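A.B. asks: Contents of query09.txt (compact mmCIF, C-alpha atoms and all ligand atoms):
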```txt
# COMPACT_ATOMS: atom_id res chain seq x y z
CA MET A 1 19.78 2.38 10.48
CA ARG A 2 18.37 1.29 7.14
CA LYS A 3 18.74 3.41 3.99
CA ILE A 4 15.59 2.76 1.98
CA LEU A 5 14.70 3.59 -1.62
CA VAL A 6 10.96 3.50 -2.37
CA ILE A 7 10.47 3.11 -6.12
CA GLY A 8 7.02 4.29 -7.17
CA SER A 9 6.66 6.68 -4.24
CA THR A 10 3.89 8.72 -5.88
CA GLY A 11 1.50 5.77 -6.23
CA GLN A 12 -1.43 4.78 -4.05
CA ILE A 13 0.64 2.68 -1.65
CA GLY A 14 4.08 4.25 -2.25
CA SER A 15 2.97 7.75 -1.26
CA GLU A 16 1.73 6.66 2.17
CA LEU A 17 4.38 4.01 2.76
CA THR A 18 7.17 6.53 2.17
CA VAL A 19 5.71 8.81 4.87
CA ARG A 20 5.34 5.91 7.33
CA LEU A 21 8.88 4.66 6.66
CA ARG A 22 10.19 8.21 7.21
CA GLU A 23 8.45 8.31 10.59
CA LEU A 24 10.07 5.01 11.50
CA TYR A 25 13.58 5.38 10.08
CA GLY A 26 14.08 9.14 9.80
CA ASN A 27 13.31 11.43 6.87
CA GLU A 28 16.86 11.47 5.52
CA ASN A 29 17.01 7.65 5.45
CA VAL A 30 14.08 7.12 3.10
CA VAL A 31 14.55 8.23 -0.51
CA ALA A 32 11.42 8.76 -2.61
CA GLY A 33 11.98 7.37 -6.11
CA VAL A 34 9.87 9.23 -8.67
CA LEU A 35 9.42 8.92 -12.41
CA GLU A 36 9.24 12.66 -13.00
CA ASP A 37 12.03 15.25 -12.85
CA ARG A 38 10.46 17.04 -9.91
CA PRO A 39 9.91 16.19 -6.24
CA PRO A 40 6.70 14.34 -5.43
CA GLU A 41 4.02 16.89 -4.52
CA LYS A 42 2.68 15.07 -1.47
CA LEU A 43 6.18 14.34 -0.12
CA ASP A 44 7.92 17.60 -1.00
CA GLY A 45 10.11 18.90 1.77
CA THR A 46 9.79 15.76 3.89
CA GLY A 47 13.00 14.04 2.71
CA PRO A 48 15.27 13.20 -0.22
CA TRP A 49 13.99 12.23 -3.64
CA GLU A 50 15.54 10.90 -6.84
CA ARG A 51 14.36 10.38 -10.38
CA VAL A 52 14.25 6.59 -10.73
CA ASP A 53 12.85 4.85 -13.77
CA VAL A 54 12.75 1.21 -12.79
CA LEU A 55 13.44 0.31 -16.43
CA ASP A 56 16.72 2.25 -16.44
CA ARG A 57 19.25 0.09 -14.63
CA ARG A 58 22.01 2.72 -14.77
CA GLU A 59 19.76 5.31 -13.16
CA LEU A 60 18.85 2.80 -10.48
CA ILE A 61 22.50 1.96 -9.76
CA ALA A 62 23.33 5.68 -9.51
CA SER A 63 20.53 6.31 -6.98
CA VAL A 64 21.58 3.32 -4.89
CA LYS A 65 25.20 4.53 -4.85
CA ASN A 66 24.36 8.21 -4.24
CA HIS A 67 22.34 7.40 -1.13
CA SER A 68 24.13 4.22 0.08
CA ILE A 69 20.81 2.39 -0.22
CA ASP A 70 20.60 -1.02 1.52
CA THR A 71 16.86 -1.68 1.14
CA ILE A 72 14.66 -1.31 -1.93
CA VAL A 73 10.87 -1.26 -1.82
CA ASN A 74 9.63 -1.69 -5.38
CA MET A 75 6.13 -0.25 -5.70
CA ALA A 76 6.39 0.46 -9.43
CA ALA A 77 3.82 -1.65 -11.28
CA ILE A 78 1.14 -1.60 -13.94
CA LEU A 79 -2.08 -2.88 -12.34
CA SER A 80 -4.69 -5.25 -13.71
CA ALA A 81 -7.07 -3.08 -15.75
CA THR A 82 -4.33 -0.93 -17.30
CA GLY A 83 -2.39 -4.13 -17.94
CA GLU A 84 -5.27 -5.56 -19.97
CA LYS A 85 -5.31 -2.40 -22.08
CA ASN A 86 -1.57 -2.60 -22.62
CA PRO A 87 -0.20 -6.08 -21.84
CA MET A 88 3.30 -5.38 -23.20
CA LEU A 89 3.66 -2.33 -20.96
CA ALA A 90 2.59 -4.45 -17.96
CA TRP A 91 5.15 -7.11 -18.89
CA ASP A 92 7.88 -4.51 -19.39
CA VAL A 93 7.39 -2.55 -16.15
CA ASN A 94 6.48 -5.49 -13.94
CA MET A 95 9.10 -7.98 -15.19
CA ASN A 96 11.99 -5.94 -16.61
CA GLY A 97 11.59 -3.45 -13.76
CA LEU A 98 11.72 -6.26 -11.22
CA ILE A 99 14.76 -8.00 -12.72
CA ASN A 100 16.58 -4.64 -12.70
CA VAL A 101 15.80 -4.20 -9.02
CA LEU A 102 16.87 -7.74 -8.16
CA GLU A 103 20.10 -7.52 -10.18
CA VAL A 104 21.08 -4.17 -8.67
CA ALA A 105 20.26 -5.57 -5.21
CA ARG A 106 22.37 -8.67 -5.84
CA GLU A 107 25.32 -6.74 -7.24
CA SER A 108 25.34 -4.20 -4.43
CA LYS A 109 24.76 -6.83 -1.74
CA MET A 110 21.56 -5.13 -0.62
CA LYS A 111 20.23 -6.01 2.85
CA GLN A 112 16.61 -6.40 1.74
CA VAL A 113 14.20 -6.07 -1.18
CA LEU A 114 10.44 -5.80 -0.74
CA VAL A 115 8.43 -6.74 -3.82
CA PRO A 116 4.66 -6.80 -3.44
CA SER A 117 2.53 -9.42 -5.10
CA SER A 118 -1.26 -9.55 -5.41
CA ILE A 119 -4.40 -11.67 -5.21
CA ALA A 120 -4.16 -11.41 -9.01
CA VAL A 121 -1.79 -14.42 -8.94
CA PHE A 122 -4.93 -16.55 -8.58
CA GLY A 123 -7.17 -17.37 -11.50
CA PRO A 124 -10.57 -18.98 -12.03
CA SER A 125 -9.24 -22.48 -11.27
CA ALA A 126 -8.13 -21.64 -7.71
CA PRO A 127 -10.64 -22.25 -4.89
CA ALA A 128 -12.52 -18.96 -4.44
CA ARG A 129 -13.22 -19.04 -0.70
CA ASP A 130 -10.37 -18.94 1.80
CA THR A 131 -8.02 -19.45 -1.12
CA PRO A 132 -5.14 -21.49 0.26
CA GLN A 133 -1.58 -20.27 0.46
CA GLU A 134 -0.47 -23.13 -1.77
CA THR A 135 -2.81 -23.71 -4.69
CA VAL A 136 -2.92 -23.66 -8.46
CA LEU A 137 -1.70 -20.31 -9.88
CA LYS A 138 -3.20 -19.84 -13.33
CA PRO A 139 -4.12 -16.16 -13.60
CA SER A 140 -6.06 -14.87 -16.60
CA THR A 141 -4.60 -11.34 -16.67
CA MET A 142 -1.16 -10.13 -17.76
CA TYR A 143 -0.86 -8.44 -14.38
CA GLY A 144 -1.41 -11.81 -12.69
CA VAL A 145 1.07 -13.53 -15.01
CA THR A 146 3.75 -10.99 -14.06
CA LYS A 147 2.95 -11.29 -10.36
CA VAL A 148 3.28 -15.11 -10.42
CA ALA A 149 6.57 -14.81 -12.32
CA GLY A 150 7.69 -12.06 -9.91
CA GLU A 151 7.07 -14.28 -6.88
CA LEU A 152 9.06 -17.09 -8.48
CA LEU A 153 11.86 -14.74 -9.45
CA GLY A 154 12.08 -13.31 -5.94
CA ASP A 155 12.17 -16.79 -4.43
CA TYR A 156 14.87 -17.74 -6.94
CA TYR A 157 17.09 -14.86 -5.77
CA VAL A 158 16.59 -15.95 -2.17
CA LYS A 159 17.61 -19.52 -2.93
CA ARG A 160 20.28 -18.92 -5.57
CA TYR A 161 22.00 -15.83 -4.15
CA GLY A 162 20.91 -15.69 -0.52
CA LEU A 163 19.33 -12.25 -1.16
CA ASP A 164 16.67 -11.25 1.37
CA VAL A 165 13.62 -10.76 -0.86
CA ARG A 166 10.12 -10.60 0.65
CA GLY A 167 6.66 -10.06 -0.68
CA LEU A 168 2.97 -10.28 0.15
CA ARG A 169 -0.15 -10.72 -1.93
CA TYR A 170 -2.08 -7.50 -1.42
CA PRO A 171 -5.85 -7.65 -1.74
CA GLY A 172 -7.67 -4.57 -3.13
CA ILE A 173 -6.29 -1.61 -1.19
CA ILE A 174 -8.65 1.18 -0.08
CA SER A 175 -7.33 4.61 0.88
CA HIS A 176 -8.15 8.33 0.85
CA VAL A 177 -4.76 9.98 0.22
CA THR A 178 -3.75 8.93 -3.32
CA MET A 179 -6.13 7.43 -5.86
CA PRO A 180 -5.39 3.88 -7.06
CA GLY A 181 -4.15 3.67 -10.61
CA GLY A 182 -5.87 1.30 -13.01
CA GLY A 183 -6.94 -1.72 -10.96
CA ALA A 184 -10.10 -3.83 -11.01
CA THR A 185 -10.67 -2.99 -7.32
CA ASP A 186 -10.69 0.80 -7.86
CA TYR A 187 -14.49 0.92 -7.43
CA ALA A 188 -14.05 0.33 -3.71
CA VAL A 189 -12.27 3.70 -3.46
CA ALA A 190 -14.29 5.66 -6.03
CA ILE A 191 -17.57 4.71 -4.29
CA TYR A 192 -16.59 6.66 -1.15
CA TYR A 193 -15.61 9.79 -3.09
CA GLU A 194 -18.84 9.74 -5.09
CA ALA A 195 -20.92 9.05 -1.98
CA VAL A 196 -19.56 12.24 -0.39
CA LYS A 197 -19.53 14.39 -3.54
CA THR A 198 -22.76 13.39 -5.28
CA GLY A 199 -24.57 10.85 -3.09
CA ARG A 200 -24.63 8.27 -5.88
CA TYR A 201 -22.31 5.83 -7.62
CA ASN A 202 -22.49 3.77 -10.78
CA CYS A 203 -20.41 0.69 -9.97
CA PHE A 204 -18.40 -1.14 -12.66
CA VAL A 205 -18.83 -4.57 -11.06
CA ASN A 206 -22.03 -6.41 -10.10
CA GLU A 207 -23.69 -6.12 -6.70
CA ASP A 208 -22.65 -9.66 -5.70
CA THR A 209 -18.99 -9.35 -6.73
CA ARG A 210 -17.02 -10.31 -3.64
CA LEU A 211 -13.29 -9.65 -3.25
CA PRO A 212 -10.65 -9.59 -0.52
CA MET A 213 -9.94 -5.99 0.49
CA MET A 214 -7.77 -4.11 2.98
CA TYR A 215 -7.73 -0.60 4.42
CA MET A 216 -4.50 1.37 3.94
CA PRO A 217 -3.46 1.45 7.63
CA ASP A 218 -3.49 -2.37 7.55
CA CYS A 219 -1.64 -2.38 4.23
CA LEU A 220 1.13 -0.23 5.73
CA LYS A 221 1.18 -2.35 8.87
CA SER A 222 1.45 -5.64 6.96
CA THR A 223 4.22 -4.29 4.71
CA ILE A 224 6.30 -2.94 7.58
CA GLU A 225 5.77 -6.00 9.77
CA LEU A 226 6.93 -8.26 6.97
CA MET A 227 9.97 -6.02 6.36
CA GLN A 228 10.85 -6.18 10.05
CA ALA A 229 10.21 -9.91 10.53
CA ASP A 230 13.12 -12.13 11.48
CA PHE A 231 14.35 -13.65 8.21
CA GLY A 232 15.21 -16.90 9.99
CA ARG A 233 11.58 -17.40 11.00
CA LEU A 234 10.19 -17.08 7.47
CA ARG A 235 9.45 -20.40 5.82
CA ARG A 236 8.30 -18.65 2.64
CA HIS A 237 9.41 -15.35 1.17
CA CYS A 238 7.72 -13.63 -1.75
CA ASP A 239 4.15 -14.88 -1.71
CA PHE A 240 2.41 -14.43 1.65
CA ASN A 241 -1.39 -14.34 1.50
CA VAL A 242 -2.63 -11.45 3.67
CA GLY A 243 -6.32 -11.05 4.39
CA ALA A 244 -8.23 -8.32 6.18
CA MET A 245 -11.87 -8.25 5.01
CA SER A 246 -14.01 -9.65 2.26
CA PHE A 247 -17.20 -7.99 1.03
CA SER A 248 -19.40 -7.70 -2.02
CA ALA A 249 -20.03 -4.40 -3.79
CA GLY A 250 -23.58 -4.53 -2.39
CA GLU A 251 -22.30 -4.95 1.16
CA LEU A 252 -19.93 -2.03 0.65
CA ALA A 253 -22.83 0.14 -0.49
CA ALA A 254 -24.88 -1.01 2.54
CA SER A 255 -22.03 -0.01 4.86
CA ILE A 256 -21.97 3.49 3.30
CA LYS A 257 -25.78 3.75 3.60
CA LYS A 258 -25.48 3.31 7.37
CA TYR A 259 -23.76 6.71 7.47
CA ILE A 260 -25.28 8.33 4.34
CA PRO A 261 -28.86 6.90 4.24
CA GLU A 262 -29.74 8.69 1.00
CA PHE A 263 -26.78 7.14 -0.88
CA GLU A 264 -27.85 5.48 -4.14
CA ILE A 265 -25.97 2.84 -6.08
CA SER A 266 -26.43 1.39 -9.57
CA TYR A 267 -24.43 -1.30 -11.34
CA LYS A 268 -23.04 -1.29 -14.86
CA PRO A 269 -20.34 -3.96 -15.18
CA ASP A 270 -17.58 -3.33 -17.70
CA SER A 271 -14.49 -5.30 -18.72
CA ARG A 272 -13.18 -5.14 -15.16
CA GLN A 273 -15.99 -7.51 -14.08
CA GLU A 274 -14.25 -10.44 -15.75
CA ILE A 275 -11.00 -9.63 -13.96
CA ALA A 276 -12.77 -9.40 -10.60
CA ASP A 277 -14.60 -12.68 -11.27
CA SER A 278 -11.29 -14.47 -11.79
CA TRP A 279 -10.00 -13.52 -8.31
CA PRO A 280 -10.73 -15.06 -4.88
CA ASP A 281 -13.55 -13.98 -2.54
CA SER A 282 -11.26 -14.31 0.47
CA VAL A 283 -7.83 -15.74 1.27
CA ASP A 284 -6.36 -18.01 3.92
CA ASP A 285 -3.54 -16.00 5.51
CA SER A 286 -2.69 -18.37 8.38
CA GLU A 287 0.97 -18.64 7.34
CA ALA A 288 1.44 -14.85 7.58
CA ARG A 289 -0.27 -14.94 10.98
CA GLU A 290 1.97 -17.75 12.21
CA GLN A 291 5.31 -16.66 10.75
CA TRP A 292 5.27 -12.92 11.35
CA GLY A 293 2.23 -12.27 13.51
CA TRP A 294 -0.06 -10.72 10.90
CA LYS A 295 -3.39 -9.45 12.27
CA PRO A 296 -5.53 -6.73 10.63
CA ASP A 297 -7.18 -3.94 12.62
CA TYR A 298 -10.00 -2.72 10.36
CA ASP A 299 -13.31 -4.27 9.37
CA LEU A 300 -15.70 -2.86 6.77
CA ASP A 301 -17.67 -0.46 9.00
CA ALA A 302 -14.57 0.87 10.79
CA MET A 303 -13.02 1.56 7.39
CA THR A 304 -16.20 3.23 6.09
CA ARG A 305 -16.37 5.59 9.06
CA ASP A 306 -12.75 6.61 8.61
CA MET A 307 -12.95 6.95 4.81
CA LEU A 308 -16.08 9.12 5.01
CA ARG A 309 -14.57 11.32 7.73
CA ALA A 310 -11.38 11.92 5.70
CA ILE A 311 -13.13 12.46 2.36
CA ARG A 312 -15.72 14.82 3.88
CA GLU A 313 -12.84 16.91 5.24
CA LYS A 314 -11.22 17.08 1.79
CA HIS A 315 -14.56 18.00 0.27
CA LYS A 316 -15.14 20.77 2.80
CA LYS A 317 -11.71 22.23 2.02
CA GLY A 318 -12.55 22.17 -1.69
CA LEU A 319 -9.75 19.69 -2.42
CA ILE A 320 -12.01 17.26 -4.30
N1 LIG B 401 -5.84 -3.74 -6.76
C1 LIG B 401 -5.15 -4.51 -7.75
C2 LIG B 401 -5.84 -4.44 -9.06
O1 LIG B 401 -7.04 -4.29 -9.05
C3 LIG B 401 -5.02 -5.94 -7.31
O2 LIG B 401 -3.73 -6.18 -6.87
O3 LIG B 401 -5.22 -4.55 -10.06
```
Output the file's structure as structure tokens, nothing else.
Ligand code: SER

C.D. replies:
Amino acid sequence: MRKILVIGSTGQIGSELTVRLRELYGNENVVAGVLEDRPPEKLDGTGPWERVDVLDRRELIASVKNHSIDTIVNMAAILSATGEKNPMLAWDVNMNGLINVLEVARESKMKQVLVPSSIAVFGPSAPARDTPQETVLKPSTMYGVTKVAGELLGDYYVKRYGLDVRGLRYPGIISHVTMPGGGATDYAVAIYYEAVKTGRYNCFVNEDTRLPMMYMPDCLKSTIELMQADFGRLRRHCDFNVGAMSFSAGELAASIKKYIPEFEISYKPDSRQEIADSWPDSVDDSEAREQWGWKPDYDLDAMTRDMLRAIREKHKKGLI
């Protein structure tokens, strides 16, 4: 049985991935790494937790030893919009955090490391539609710079040390459990909450801004399927394109209107527009499909129905 440490287990993806991994591998075999000195609220009582600051290598080594960890999932990252406000923080957490994880994994002969990447590795010079797996990587954000470097670093550890490092380029991730933290795709989550709470939303990107997106159940599925894939069958490691859906902000609003006809949307682009404009509309994920059988389940309307159902429930209970 694996012994997994999820670093960043309170984040948008980490909080749900930790629960899913506990279902699969047993509560006691999945340690929630948190930055605070208290157990993560949403995960309290469901399994072990440890204070892990990804920038503190000694703390990381201690957690790995304490729990005989053989797999690290590193979800600690500063996302695109926050990264543009504080580029040095993004560099520090995303690069120094990653090298700590990789070094600890190498020294302790870890079985596997999962390090997510992002569509942010692409920049304005990459083809925007069906962006190929192999293309020019010239991102215009610090977040993107760290994700390109992170992919290269992970691949280096595979080649140089034979460490099993894997990663996938997440599109914008949409979910209803934990809010995303500081990305350019956050509007695609906020819009659902505002639709339920107030019936209107002022969107920070233009109506025709189109981006690759994915619903959380598919995000969890893709992450776990890549973790479980036969290493010998993988012809690439840290940079798999994974697609699910691609829609514009206007199409997202239209999908919500099908279920809330009185929903109103307005557009007031801010600095996040430029970030969104530098990213693909959609990605070609045929290598993920071929090498580890990737196939998403949700399209836009199926996601909208599920998001609205879950958020309405929270609203009724007075939780939002
Ligand atoms: N959702 C992320 C962001 O907007 C992209 O990986 O930063």

A.B. asks: What's the separation between atom O2 of ligand LIG 401 (chain B) and CA of Ser118 (chain A), in Å to one decimal place?

C.D. replies: 4.4 Å

A.B. asks: Given all atoms listed in the file, how would the per-residue table for region 59-90 of chain A near region 155-174 of chain A read, listing every residue at most 12 Å away with its closest atom pair and distance in Å to one decimal, sorted by chain and number, as a tab-separated table?

C.D. replies:
```
residue	atom	partner	partner_atom	distance
A:Asp70	CA	A:Asp164	CA	11.0
A:Thr71	CA	A:Asp164	CA	9.6
A:Ile72	CA	A:Val165	CA	9.6
A:Val73	CA	A:Arg166	CA	9.7
A:Asn74	CA	A:Gly167	CA	10.0
A:Met75	CA	A:Gly167	CA	11.0
A:Leu79	CA	A:Gly172	CA	10.9
A:Ser80	CA	A:Gly172	CA	11.0
```

A.B. asks: What does the list of residues within 10 Å of ligand LIG 401 (chain B) look like if you count all atoms listed in the file, written as number ranges by chain?

C.D. replies: A: 12, 77-84, 116-121, 141, 143-144, 147, 169-174, 180-188, 211-214, 272, 275-276, 279

A.B. asks: Near region 303-309 of chain A, counting only C-alpha atoms, which residues have an atom at most 9 Å away, once you skip same-chain residues fewer than 4 positions from it, shown as a short mmCIF file (atom, residue, chain, number, x, y, z; two decimals) with C-alpha atoms, in the frame of the given file?

C.D. replies:
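Here's the written file selection.cif:
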```cif
data_model
loop_
_atom_site.label_atom_id
_atom_site.label_comp_id
_atom_site.auth_asym_id
_atom_site.auth_seq_id
_atom_site.Cartn_x
_atom_site.Cartn_y
_atom_site.Cartn_z
CA ILE A 174 -8.65 1.18 -0.08
CA SER A 175 -7.33 4.61 0.88
CA HIS A 176 -8.15 8.33 0.85
CA VAL A 189 -12.27 3.70 -3.46
CA TYR A 192 -16.59 6.66 -1.15
CA TYR A 193 -15.61 9.79 -3.09
CA ALA A 195 -20.92 9.05 -1.98
CA VAL A 196 -19.56 12.24 -0.39
CA MET A 214 -7.77 -4.11 2.98
CA TYR A 215 -7.73 -0.60 4.42
CA LEU A 252 -19.93 -2.03 0.65
CA SER A 255 -22.03 -0.01 4.86
CA ILE A 256 -21.97 3.49 3.30
CA TYR A 259 -23.76 6.71 7.47
CA TYR A 298 -10.00 -2.72 10.36
CA ASP A 299 -13.31 -4.27 9.37
CA GLU A 313 -12.84 16.91 5.24
CA LYS A 314 -11.22 17.08 1.79
#
```

A.B. asks: Given only C-alpha atoms as the basis, pick out the residue of A:Pro217, A:Gly123, A:Gly199, A:Gly8 nearest to Val177 (chain A).

C.D. replies: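 The shortest atom-to-atom distance to Val177 (chain A) comes from A:Pro217.
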
A.B. asks: Which residues are close to Glu36 (chain A), i.e. within 12 Å by only C-alpha atoms, leaving aside same-chain residues fewer than 5 positions away? Reply as a list in words.

C.D. replies: Ile7, Gly8, Ser9, Thr10, Glu41, Trp49, Glu50, Arg51, Val52, Asp53 and Val54 of chain A

A.B. asks: Which value, in Å to one decimal, gives the distance between CA of Ser282 (chain A) and CA of Asp130 (chain A)?

C.D. replies: 4.9 Å

A.B. asks: Calculate how many Å separate CA of Lys138 (chain A) from CA of Asp208 (chain A), rounding to one decimal.

C.D. replies: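 A separation of 23.2 Å between them.
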
A.B. asks: In terms of the shortest atom-to-atom distance over all atoms listed in the file, which of A:Ser271, A:Gln133, A:Asn206, A:Ser222 is closest to Asn241 (chain A)?

C.D. replies: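 Among the listed residues, A:Gln133 lies closest to Asn241 (chain A).
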
A.B. asks: Which is closest to Arg129 (chain A) among A:Val34, A:Ala288, A:Val283, A:Val148, if we use all atoms listed in the file?

C.D. replies: A:Val283

A.B. asks: Pick the closest to Ser108 (chain A) from A:Gly47, A:Thr178, A:Ala62, A:Gly26: which is it, counting only C-alpha atoms?

C.D. replies: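 Between A:Gly47, A:Thr178, A:Ala62, A:Gly26, the residue approaching Ser108 (chain A) most closely is A:Ala62.
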
A.B. asks: So that I can see what lies close to Glu225 (chain A), please list as a ChimeraX atom specification the residues with an atom at most 8 Å from it, counting all atoms listed in the file and leaving out residues fewer than 3 positions away in the same chain.

C.D. replies: /A:221-222,228-229,292,294

A.B. asks: When distances are computed from only C-alpha atoms, which of A:Met179, A:Ile61, A:Val115, A:Val19 shows the smallest separation from Leu226 (chain A)?

C.D. replies: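 Using only C-alpha atoms, the shortest distance to Leu226 (chain A) belongs to A:Val115.
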
A.B. asks: Looking at A:Lys197, A:Arg38, A:Arg22, A:Arg58, which one is nearest to Ile311 (chain A), with distances taken over only C-alpha atoms?

C.D. replies: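 Of A:Lys197, A:Arg38, A:Arg22, A:Arg58, the one nearest Ile311 (chain A), counting only C-alpha atoms, is A:Lys197.
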
A.B. asks: Provide an axis-aligned box for all listed atoms of region 142-149 of chain A, padding each side by 5 Å; report its centre and its edge lengths in Å to one decimal, as lines of an AutoDock Vina configuration file.

C.D. replies:
```
center_x = 2.6
center_y = -11.8
center_z = -14.1
size_x = 18.0
size_y = 16.7
size_z = 17.4
```
